[in-house]
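Asks: The structure is given below, and queries will be raised subsequently.
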Amino acid sequence: MSDIAFALNEDQLQLQKWVHDFAEDVIRPAAHEWDEREETPWEIIQEAAKIGLYGFEFMAHAFQDSTGISMPMINEELFWGDAGIGMSIIGSTLGVAAIMGNGTPEQIMEWIPQCFGTPEKLALGAFCVSEPDAGSDVSSLRTTAKYDEAKDEWVLNGTKTWITNGGIADVHVVVASVDRDLGSRGQASFIVPPGTPGLSQGTKFKKMGIRASHTAEVILEDVRVPGSCLLGGKEKLDERLARAREGTSAKTQAAMSTFESSRPIVGSQAIGIARAAYEYALDYAKEREQFNRKIIENQAIAFTLADMKTEIDAARLLVWRAAWMGRNGIPFENGEGSMSKLKAGEVAVWVTERAIQVLGGYGYIRENPVERWHRDAKIYDIFEGTAEIQRLVIARSISGMRIP
Ligand SMILES: Cc1cc2nc3c(=O)[nH]c(=O)nc-3n(C[C@H](O)[C@H](O)[C@H](O)COP(=O)(O)OP(=O)(O)OC[C@H]3O[C@@H](n4cnc5c(N)ncnc54)[C@H](O)[C@@H]3O)c2cc1C
């Protein structure tokens with residue numbers, strides 16, 4: 001039997017169909033409404049929870065798939081339905097990934113279920129890294145975490161911005177600086193449990209795309225969390241800080257290790273949007289007539305569609321490779337995680353723009369979803385590391401040099 005396969009197995013095909021049916025029957029019909037409302041679609045998250053698509057068990061099952069492909073596949077289908085609603089359903093997994101990547105087994109069991117809640121009492125998770133003055137440069141975080149030894153508590157202060165589910169989440173995972181002199185090596189991740197005093201929502205942002213997904217500032221004012229909320233535990237942090245102070249490189253950095261594992265998943269979301277736009281444009285081009293022929297009978301249109309499909313499939317292969325590598329512990333020696341997210345994001349922006357072109361004026365008006373897909377796609381050049389930062393990661397990986 002060969003080690004490598006490009007086809008989905010039976011379980012994955014079933015899972016893909018199940019998620020696709022939900023995206024087609026529940027998400028897509030609601031997409032326009034929630035884009036206009038710019039609010040969290042609680043009803044739809046609840047529908048997802050009721051059928052078991054939003055919840056701890058489902059996500060644990062998907063993350064455990066030894067091929068690593070299930071999570072990107074699920075994301076592609078959900079975001080094919082709609083990216084704003086998709087992000088409302090999947091946004092909690094950013095916090096979940098941070099807990100999985102940095103937490104002890106006890107912390108994983110305690111906090112991950114609380115990021116989802118139950119169908120009757122939904123909960124959300126959030127991952128809070130970005131700050132007004134620290135976006136791409138995550139080493140310069142100003143949010144501080146100070147240890148109060150007498151009470152065995154951490155005290156968090158600072159402002160986070162652009163946070164998906166920020167302020168409305170039940171569980172916030174906050175990356176803060178324990179020792180600012182050490183840059184990102186002096187940072188750690190903390191759980192802020194539901195209802196902790198001092199954490200509040202600041203401005204809620206109005207956005208260009210993924211408008212059903214809530215994005216807001218998170219203000220932390222003397223937020224006290226128990227010592228047990230430091231992900232990975234104090235002993236491990238102290239060892240890491242000591243190594244960093246001695247100048248020995250610390251193996252993991254709090255925010256970076258989360259981003260590495262989530263990049264292919266984010267890439268698969270972009271592919272879902274691109275595929276939606278490509279399929280819509282293909283159908284349209286086969287129907288629409290000008291000059292007494294279908295517009296697809298013009299090579300200019302047919303070749304555009306051929307390129308769209310080729311780019312989408314190429315991006316998906318990069319995503320699946322990175323997801324497989326990540327799941328099987330194969331190091332991203334050439335920045336493969338970044339490659340997958342970079343390519344998928346740029347493909348989504350390009351494909352959705354081309355889809356508007358294929359539809360002409362009909363692509364530019366809100367009655368057709370392609371203009372929304374283009375607005376939604378643009379975020380994939382920006383969050384979870386901009387396109388420039390992905391290129392930086394790849395360039396550093398392939399050269400082994402500290403390219404500034
Ligand atoms: C809708 C949305 C949701 C988000 N969700 C979250 C979330 O849940 N949690 C979270 O922590 N963050 C989140 N973010 C934040 C996101 O990750 C940041 O916006 C992103 O990392 C970029 O940071 P910045 O916006 O400060 O841009 P900047 O870092 O200021 O970058 C501005 C421009 O300069 C370029 N640039 C910067 N440095 C370099 C360099 N060294 N070389 C070349 N070019 C460079 C960038 O590529 C970009 O083009 C979200 C953002 C948005 C818009």
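Residue names in the structure tokens use chain letters A, B, ... in the order shown, residue numbers from 1 in each chain, and ligand numbers from 1 in the order shown.
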Can you check which parts of chain A lie within 9 Å of ligand 1? Per residue, the shortest pair of atoms and distance in Å to one decimal, counting only C-alpha atoms and all ligand atoms, sorted by chain and number, as CSV.
Replies:
```
residue,atom,partner,partner_atom_place_in_ligand_line,distance
A:Gly91,CA,ligand 1,8 (O),7.3
A:Ser92,CA,ligand 1,8 (O),8.9
A:Leu94,CA,ligand 1,8 (O),7.0
A:Gly95,CA,ligand 1,8 (O),8.3
A:Ala126,CA,ligand 1,8 (O),6.2
A:Phe127,CA,ligand 1,9 (N),5.0
A:Cys128,CA,ligand 1,11 (O),4.3
A:Val129,CA,ligand 1,11 (O),3.4
A:Ser130,CA,ligand 1,11 (O),3.9
A:Glu131,CA,ligand 1,26 (O),7.2
A:Pro132,CA,ligand 1,26 (O),6.6
A:Asp133,CA,ligand 1,26 (O),6.7
A:Ala134,CA,ligand 1,26 (O),5.8
A:Gly135,CA,ligand 1,26 (O),3.2
A:Ser136,CA,ligand 1,29 (O),3.6
A:Asp137,CA,ligand 1,29 (O),6.1
A:Val138,CA,ligand 1,21 (O),8.1
A:Lys160,CA,ligand 1,11 (O),7.3
A:Thr161,CA,ligand 1,12 (N),6.7
A:Trp162,CA,ligand 1,50 (C),4.4
A:Ile163,CA,ligand 1,7 (C),3.9
A:Thr164,CA,ligand 1,8 (O),3.8
A:Asn165,CA,ligand 1,8 (O),7.0
A:Gly166,CA,ligand 1,8 (O),7.3
A:Val174,CA,ligand 1,11 (O),8.5
A:Val175,CA,ligand 1,11 (O),8.4
A:Phe205,CA,ligand 1,1 (C),8.5
A:Lys207,CA,ligand 1,1 (C),7.1
A:Met208,CA,ligand 1,1 (C),8.6
A:Gly209,CA,ligand 1,1 (C),7.7
A:Ile210,CA,ligand 1,1 (C),7.0
A:Arg211,CA,ligand 1,1 (C),8.3
A:Ser213,CA,ligand 1,1 (C),7.7
A:His214,CA,ligand 1,1 (C),8.0
A:Thr215,CA,ligand 1,3 (C),5.8
A:Ala216,CA,ligand 1,3 (C),8.4
A:Ala255,CA,ligand 1,11 (O),8.6
A:Ile379,CA,ligand 1,53 (C),6.3
A:Asp381,CA,ligand 1,47 (O),8.5
A:Ile382,CA,ligand 1,20 (C),5.5
A:Phe383,CA,ligand 1,17 (O),3.8
A:Glu384,CA,ligand 1,17 (O),4.5
A:Gly385,CA,ligand 1,21 (O),4.6
A:Thr386,CA,ligand 1,47 (O),4.7
A:Ala387,CA,ligand 1,47 (O),6.0
A:Glu388,CA,ligand 1,47 (O),4.4
A:Ile389,CA,ligand 1,47 (O),5.6
A:Gln390,CA,ligand 1,47 (O),8.6
A:Arg391,CA,ligand 1,43 (C),8.4
A:Leu392,CA,ligand 1,42 (N),6.8
A:Pro404,CA,ligand 1,41 (N),6.3
```
Asks: Neighbouring residues of segment 145-154 of chain A were defined as those with any atom within 7 Å, considering only C-alpha atoms; residues of the same chain fewer than 4 positions away were excluded. Please report them as a list in words.
Replies: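 Contacts, with the query itself left out: Ala176, Ser177, Val178, Arg224, Val225, Pro226 and Gly227 of chain A.
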Asks: Emit the selected residues as a short mmCIF file (atom, residue, chain, number, x, y, z; two decimals), in the first residue's frame, including N, CA and C atoms.
Replies:
```cif
data_model
loop_
_atom_site.label_atom_id
_atom_site.label_comp_id
_atom_site.auth_asym_id
_atom_site.auth_seq_id
_atom_site.Cartn_x
_atom_site.Cartn_y
_atom_site.Cartn_z
N ALA A 176 0.22 37.44 26.25
CA ALA A 176 0.73 38.63 26.94
C ALA A 176 2.22 38.48 27.20
N SER A 177 2.83 39.62 27.45
CA SER A 177 4.27 39.63 27.69
C SER A 177 4.56 39.49 29.18
N VAL A 178 5.36 38.49 29.48
CA VAL A 178 5.78 38.28 30.87
C VAL A 178 7.11 39.01 31.09
N ARG A 224 -7.57 39.46 36.73
CA ARG A 224 -6.87 38.47 37.56
C ARG A 224 -7.35 37.06 37.20
N VAL A 225 -6.37 36.21 36.84
CA VAL A 225 -6.74 34.81 36.55
C VAL A 225 -5.89 33.90 37.43
N PRO A 226 -6.42 32.75 37.81
CA PRO A 226 -5.65 31.83 38.66
C PRO A 226 -4.37 31.35 37.96
N GLY A 227 -3.38 30.97 38.75
CA GLY A 227 -2.12 30.46 38.20
C GLY A 227 -2.34 29.31 37.22
#
```
Asks: Which parts of segment 166-282 of chain A does DSSP call strand (DSSP E or B) when run on the backbone here, written out as a count of residues only?
Replies: 32
Asks: With only C-alpha atoms as the counted atoms, please give the residues lying no more than 9 Å from Ile90 of chain A, apart from itself and same-chain residues fewer than 4 positions off, as a list of chain:residue names.
Replies: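 The contact residues come out as A:Tyr54, A:Asn75, A:Leu78, A:Ile85, A:Gly86, A:Leu94.
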Asks: Would you pick out the contacts of Gly125 of chain A at 12 Å or less, using only C-alpha atoms, so that residues sharing its chain but fewer than 6 positions from it are not included, and give the list as a ChimeraX atom specification?
Replies: /A:54-56,87-99,111-117,163-174,191-194,214
Asks: Keeping only N, CA and C atoms, take the residues you just selected and write them out as a compact mmCIF listing (two decimals), in the first residue's frame.
Replies:
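Resulting contents of again-v4.txt:
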```
# COMPACT_ATOMS: atom_id res chain seq x y z
N TYR A 54 -21.02 21.93 15.53
CA TYR A 54 -20.32 22.91 16.38
C TYR A 54 -20.26 22.32 17.77
N GLY A 55 -19.07 21.89 18.18
CA GLY A 55 -18.97 21.28 19.50
C GLY A 55 -17.63 20.62 19.70
N PHE A 56 -17.33 20.35 20.95
CA PHE A 56 -16.03 19.79 21.32
C PHE A 56 -15.77 18.45 20.65
N MET A 87 -17.03 31.82 9.57
CA MET A 87 -16.11 32.29 10.61
C MET A 87 -16.80 32.34 11.97
N SER A 88 -18.11 32.61 11.96
CA SER A 88 -18.83 32.61 13.24
C SER A 88 -18.87 31.20 13.84
N ILE A 89 -18.90 30.20 12.96
CA ILE A 89 -18.93 28.81 13.45
C ILE A 89 -17.52 28.34 13.80
N ILE A 90 -16.55 28.74 13.01
CA ILE A 90 -15.18 28.21 13.16
C ILE A 90 -14.29 29.09 14.04
N GLY A 91 -14.70 30.36 14.23
CA GLY A 91 -13.85 31.32 14.95
C GLY A 91 -13.38 30.82 16.31
N SER A 92 -14.22 30.06 16.98
CA SER A 92 -13.84 29.55 18.31
C SER A 92 -12.62 28.65 18.24
N THR A 93 -12.40 28.02 17.09
CA THR A 93 -11.30 27.06 17.01
C THR A 93 -9.93 27.73 17.05
N LEU A 94 -9.88 29.05 16.84
CA LEU A 94 -8.59 29.75 16.99
C LEU A 94 -8.12 29.67 18.45
N GLY A 95 -9.06 29.96 19.35
CA GLY A 95 -8.75 29.82 20.77
C GLY A 95 -8.47 28.37 21.12
N VAL A 96 -9.26 27.48 20.52
CA VAL A 96 -9.10 26.04 20.76
C VAL A 96 -7.70 25.57 20.33
N ALA A 97 -7.27 26.05 19.15
CA ALA A 97 -5.94 25.65 18.65
C ALA A 97 -4.85 26.13 19.60
N ALA A 98 -5.05 27.32 20.18
CA ALA A 98 -4.05 27.85 21.11
C ALA A 98 -3.99 26.98 22.37
N ILE A 99 -5.15 26.53 22.81
CA ILE A 99 -5.19 25.68 24.02
C ILE A 99 -4.56 24.32 23.70
N TRP A 111 -10.85 23.43 29.34
CA TRP A 111 -11.24 24.67 28.67
C TRP A 111 -11.81 24.51 27.27
N ILE A 112 -11.37 23.49 26.53
CA ILE A 112 -11.87 23.41 25.15
C ILE A 112 -13.39 23.20 25.11
N PRO A 113 -13.97 22.30 25.92
CA PRO A 113 -15.43 22.18 25.86
C PRO A 113 -16.13 23.52 26.16
N GLN A 114 -15.51 24.33 27.01
CA GLN A 114 -16.14 25.61 27.37
C GLN A 114 -16.07 26.64 26.24
N CYS A 115 -15.26 26.36 25.21
CA CYS A 115 -15.22 27.25 24.04
C CYS A 115 -16.42 27.01 23.13
N PHE A 116 -17.12 25.91 23.33
CA PHE A 116 -18.26 25.58 22.47
C PHE A 116 -19.60 25.59 23.20
N GLY A 117 -19.58 25.20 24.48
CA GLY A 117 -20.84 25.09 25.22
C GLY A 117 -21.67 23.94 24.72
N ILE A 163 -10.16 41.41 17.31
CA ILE A 163 -10.29 40.05 17.82
C ILE A 163 -11.62 39.42 17.39
N THR A 164 -11.52 38.30 16.68
CA THR A 164 -12.70 37.54 16.28
C THR A 164 -13.38 37.01 17.55
N ASN A 165 -14.65 37.32 17.70
CA ASN A 165 -15.43 36.97 18.90
C ASN A 165 -14.97 37.74 20.15
N GLY A 166 -14.17 38.78 19.95
CA GLY A 166 -13.63 39.54 21.10
C GLY A 166 -14.74 40.17 21.93
N GLY A 167 -14.72 39.91 23.21
CA GLY A 167 -15.69 40.51 24.12
C GLY A 167 -16.99 39.74 24.22
N ILE A 168 -17.35 38.98 23.16
CA ILE A 168 -18.58 38.17 23.26
C ILE A 168 -18.24 36.70 23.52
N ALA A 169 -16.94 36.38 23.49
CA ALA A 169 -16.53 34.99 23.74
C ALA A 169 -16.67 34.67 25.22
N ASP A 170 -16.84 33.39 25.50
CA ASP A 170 -16.87 32.94 26.90
C ASP A 170 -15.45 32.71 27.39
N VAL A 171 -14.64 32.11 26.52
CA VAL A 171 -13.24 31.85 26.87
C VAL A 171 -12.35 32.69 25.96
N HIS A 172 -11.57 33.59 26.57
CA HIS A 172 -10.58 34.36 25.79
C HIS A 172 -9.20 33.79 26.09
N VAL A 173 -8.46 33.45 25.04
CA VAL A 173 -7.06 33.08 25.23
C VAL A 173 -6.24 34.32 24.88
N VAL A 174 -5.49 34.81 25.86
CA VAL A 174 -4.78 36.08 25.69
C VAL A 174 -3.28 35.84 25.69
N ILE A 191 -5.57 31.70 29.77
CA ILE A 191 -7.02 31.57 29.65
C ILE A 191 -7.65 32.65 30.52
N VAL A 192 -8.60 33.39 29.95
CA VAL A 192 -9.42 34.26 30.79
C VAL A 192 -10.80 33.60 30.86
N PRO A 193 -11.15 33.03 32.02
CA PRO A 193 -12.41 32.28 32.13
C PRO A 193 -13.64 33.17 31.96
N PRO A 194 -14.78 32.54 31.65
CA PRO A 194 -16.02 33.30 31.45
C PRO A 194 -16.32 34.20 32.65
N HIS A 214 -18.02 38.55 14.20
CA HIS A 214 -17.83 39.66 15.14
C HIS A 214 -16.33 39.93 15.32
```
Asks: What does the distance between atom CA of Ala270 of chain A and atom CA of Glu39 of chain A come to in Å, to one decimal place?
Replies: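 Computing the Euclidean distance for atom CA of Ala270 of chain A and atom CA of Glu39 of chain A yields 21.0 Å.
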Asks: Write out as an MDAnalysis selection string each polymer residue whose atoms come within 10 Å of segment 243-245 of chain A, counting only C-alpha atoms; drop sequence neighbours fewer than 2 positions from it.
Replies: chainID A and resid 179 181:183 185:186 237:241 247:251
Asks: Extract, using only C-alpha atoms, all DNA, RNA and protein residues at most 12 Å from Lys17 of chain A, discarding same-chain residues fewer than 3 positions from it, and format them as an mmCIF file with C-alpha atoms, in the first residue's frame.
Replies:
```cif
data_model
loop_
_atom_site.group_PDB
_atom_site.id
_atom_site.type_symbol
_atom_site.label_atom_id
_atom_site.label_comp_id
_atom_site.auth_asym_id
_atom_site.auth_seq_id
_atom_site.Cartn_x
_atom_site.Cartn_y
_atom_site.Cartn_z
ATOM 1 C CA LEU A 8 -10.350 11.335 0.272
ATOM 2 C CA GLU A 10 -14.755 6.879 2.665
ATOM 3 C CA ASP A 11 -15.112 8.551 6.086
ATOM 4 C CA GLN A 12 -13.860 11.840 4.733
ATOM 5 C CA LEU A 13 -16.199 11.705 1.748
ATOM 6 C CA GLN A 14 -19.154 11.167 4.083
ATOM 7 C CA HIS A 20 -21.590 20.473 2.373
ATOM 8 C CA ASP A 21 -25.298 19.732 2.809
ATOM 9 C CA PHE A 22 -25.414 21.972 5.886
ATOM 10 C CA ALA A 23 -23.565 24.716 3.997
ATOM 11 C CA GLU A 24 -25.924 24.439 1.049
ATOM 12 C CA ASP A 25 -29.207 24.084 2.953
ATOM 13 C CA SER A 70 -10.506 16.622 7.683
ATOM 14 C CA MET A 73 -12.013 19.872 4.154
ATOM 15 C CA ILE A 74 -14.665 20.883 6.704
ATOM 16 C CA GLU A 76 -13.620 24.564 2.739
ATOM 17 C CA GLU A 77 -17.218 23.349 2.706
ATOM 18 C CA LEU A 78 -18.420 25.727 5.439
#
```
Asks: What parts of segment 124-264 of chain A does DSSP call alpha helix (DSSP H)? I'd like the answer as a list in words.
Replies: Lys234, Glu235, Lys236, Leu237, Asp238, Glu239, Arg240, Leu241, Ala242, Arg243, Ala244, Arg245, Glu246, Ala254, Ala255, Met256, Ser257, Thr258, Phe259, Glu260, Ser261, Ser262, Arg263 and Pro264 of chain A
Asks: Got time to write the residues from that selection, N, CA and C atoms, as a PDB file, in the first residue's frame?
Replies:
```
ATOM      1  N   LYS A 234       3.501  26.967  34.969  1.00  0.00           N
ATOM      2  CA  LYS A 234       4.552  27.925  35.340  1.00  0.00           C
ATOM      3  C   LYS A 234       5.956  27.331  35.208  1.00  0.00           C
ATOM      4  N   GLU A 235       6.051  26.043  35.544  1.00  0.00           N
ATOM      5  CA  GLU A 235       7.381  25.416  35.481  1.00  0.00           C
ATOM      6  C   GLU A 235       7.957  25.491  34.062  1.00  0.00           C
ATOM      7  N   LYS A 236       7.104  25.166  33.119  1.00  0.00           N
ATOM      8  CA  LYS A 236       7.534  25.167  31.720  1.00  0.00           C
ATOM      9  C   LYS A 236       7.889  26.587  31.268  1.00  0.00           C
ATOM     10  N   LEU A 237       7.066  27.546  31.716  1.00  0.00           N
ATOM     11  CA  LEU A 237       7.346  28.944  31.346  1.00  0.00           C
ATOM     12  C   LEU A 237       8.685  29.388  31.933  1.00  0.00           C
ATOM     13  N   ASP A 238       8.903  29.083  33.208  1.00  0.00           N
ATOM     14  CA  ASP A 238      10.149  29.498  33.859  1.00  0.00           C
ATOM     15  C   ASP A 238      11.374  28.914  33.145  1.00  0.00           C
ATOM     16  N   GLU A 239      11.258  27.649  32.748  1.00  0.00           N
ATOM     17  CA  GLU A 239      12.375  27.019  32.018  1.00  0.00           C
ATOM     18  C   GLU A 239      12.621  27.740  30.690  1.00  0.00           C
ATOM     19  N   ARG A 240      11.508  28.057  30.027  1.00  0.00           N
ATOM     20  CA  ARG A 240      11.619  28.713  28.708  1.00  0.00           C
ATOM     21  C   ARG A 240      12.244  30.101  28.856  1.00  0.00           C
ATOM     22  N   LEU A 241      11.804  30.831  29.878  1.00  0.00           N
ATOM     23  CA  LEU A 241      12.347  32.178  30.094  1.00  0.00           C
ATOM     24  C   LEU A 241      13.832  32.101  30.438  1.00  0.00           C
ATOM     25  N   ALA A 242      14.188  31.098  31.256  1.00  0.00           N
ATOM     26  CA  ALA A 242      15.598  30.958  31.646  1.00  0.00           C
ATOM     27  C   ALA A 242      16.459  30.692  30.417  1.00  0.00           C
ATOM     28  N   ARG A 243      15.974  29.805  29.546  1.00  0.00           N
ATOM     29  CA  ARG A 243      16.722  29.499  28.314  1.00  0.00           C
ATOM     30  C   ARG A 243      16.875  30.744  27.450  1.00  0.00           C
ATOM     31  N   ALA A 244      15.776  31.516  27.356  1.00  0.00           N
ATOM     32  CA  ALA A 244      15.814  32.729  26.533  1.00  0.00           C
ATOM     33  C   ALA A 244      16.796  33.739  27.116  1.00  0.00           C
ATOM     34  N   ARG A 245      16.822  33.848  28.457  1.00  0.00           N
ATOM     35  CA  ARG A 245      17.739  34.817  29.097  1.00  0.00           C
ATOM     36  C   ARG A 245      19.199  34.410  28.918  1.00  0.00           C
ATOM     37  N   GLU A 246      19.418  33.085  28.872  1.00  0.00           N
ATOM     38  CA  GLU A 246      20.793  32.598  28.637  1.00  0.00           C
ATOM     39  C   GLU A 246      21.184  32.749  27.174  1.00  0.00           C
ATOM     40  N   ALA A 254       4.637  31.585  22.089  1.00  0.00           N
ATOM     41  CA  ALA A 254       3.214  31.386  22.355  1.00  0.00           C
ATOM     42  C   ALA A 254       2.321  31.564  21.131  1.00  0.00           C
ATOM     43  N   ALA A 255       2.406  32.728  20.475  1.00  0.00           N
ATOM     44  CA  ALA A 255       1.483  32.980  19.368  1.00  0.00           C
ATOM     45  C   ALA A 255       1.891  32.203  18.130  1.00  0.00           C
ATOM     46  N   MET A 256       3.201  32.122  17.882  1.00  0.00           N
ATOM     47  CA  MET A 256       3.691  31.529  16.638  1.00  0.00           C
ATOM     48  C   MET A 256       3.310  30.067  16.479  1.00  0.00           C
ATOM     49  N   SER A 257       3.375  29.308  17.584  1.00  0.00           N
ATOM     50  CA  SER A 257       3.075  27.886  17.453  1.00  0.00           C
ATOM     51  C   SER A 257       1.608  27.675  17.095  1.00  0.00           C
ATOM     52  N   THR A 258       0.739  28.596  17.544  1.00  0.00           N
ATOM     53  CA  THR A 258      -0.674  28.484  17.179  1.00  0.00           C
ATOM     54  C   THR A 258      -0.853  28.796  15.699  1.00  0.00           C
ATOM     55  N   PHE A 259      -0.217  29.872  15.230  1.00  0.00           N
ATOM     56  CA  PHE A 259      -0.376  30.265  13.826  1.00  0.00           C
ATOM     57  C   PHE A 259       0.115  29.177  12.879  1.00  0.00           C
ATOM     58  N   GLU A 260       1.244  28.533  13.222  1.00  0.00           N
ATOM     59  CA  GLU A 260       1.799  27.514  12.332  1.00  0.00           C
ATOM     60  C   GLU A 260       0.780  26.428  12.027  1.00  0.00           C
ATOM     61  N   SER A 261       0.088  25.978  13.099  1.00  0.00           N
ATOM     62  CA  SER A 261      -0.844  24.870  12.876  1.00  0.00           C
ATOM     63  C   SER A 261      -2.147  25.337  12.240  1.00  0.00           C
ATOM     64  N   SER A 262      -2.487  26.618  12.389  1.00  0.00           N
ATOM     65  CA  SER A 262      -3.789  27.043  11.870  1.00  0.00           C
ATOM     66  C   SER A 262      -3.724  27.576  10.440  1.00  0.00           C
ATOM     67  N   ARG A 263      -2.520  27.829   9.917  1.00  0.00           N
ATOM     68  CA  ARG A 263      -2.442  28.454   8.586  1.00  0.00           C
ATOM     69  C   ARG A 263      -3.079  27.628   7.468  1.00  0.00           C
ATOM     70  N   PRO A 264      -2.810  26.311   7.374  1.00  0.00           N
ATOM     71  CA  PRO A 264      -3.484  25.564   6.306  1.00  0.00           C
ATOM     72  C   PRO A 264      -5.006  25.576   6.458  1.00  0.00           C
TER      73      PRO A 264
END
```
Asks: Contacts of Ile312 of chain A at 7 Å or less, counting only C-alpha atoms, minus same-chain residues fewer than 3 places along, as JSON, numbers by chain?
Replies: {"A": [271, 274, 275, 308, 309, 315, 316, 347]}
Asks: In Å, with one decimal, what is the gap from atom CA of Thr40 of chain A to atom CA of Met109 of chain A?
Replies: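 Interatomic distance, atom CA of Thr40 of chain A to atom CA of Met109 of chain A: 26.6 Å.
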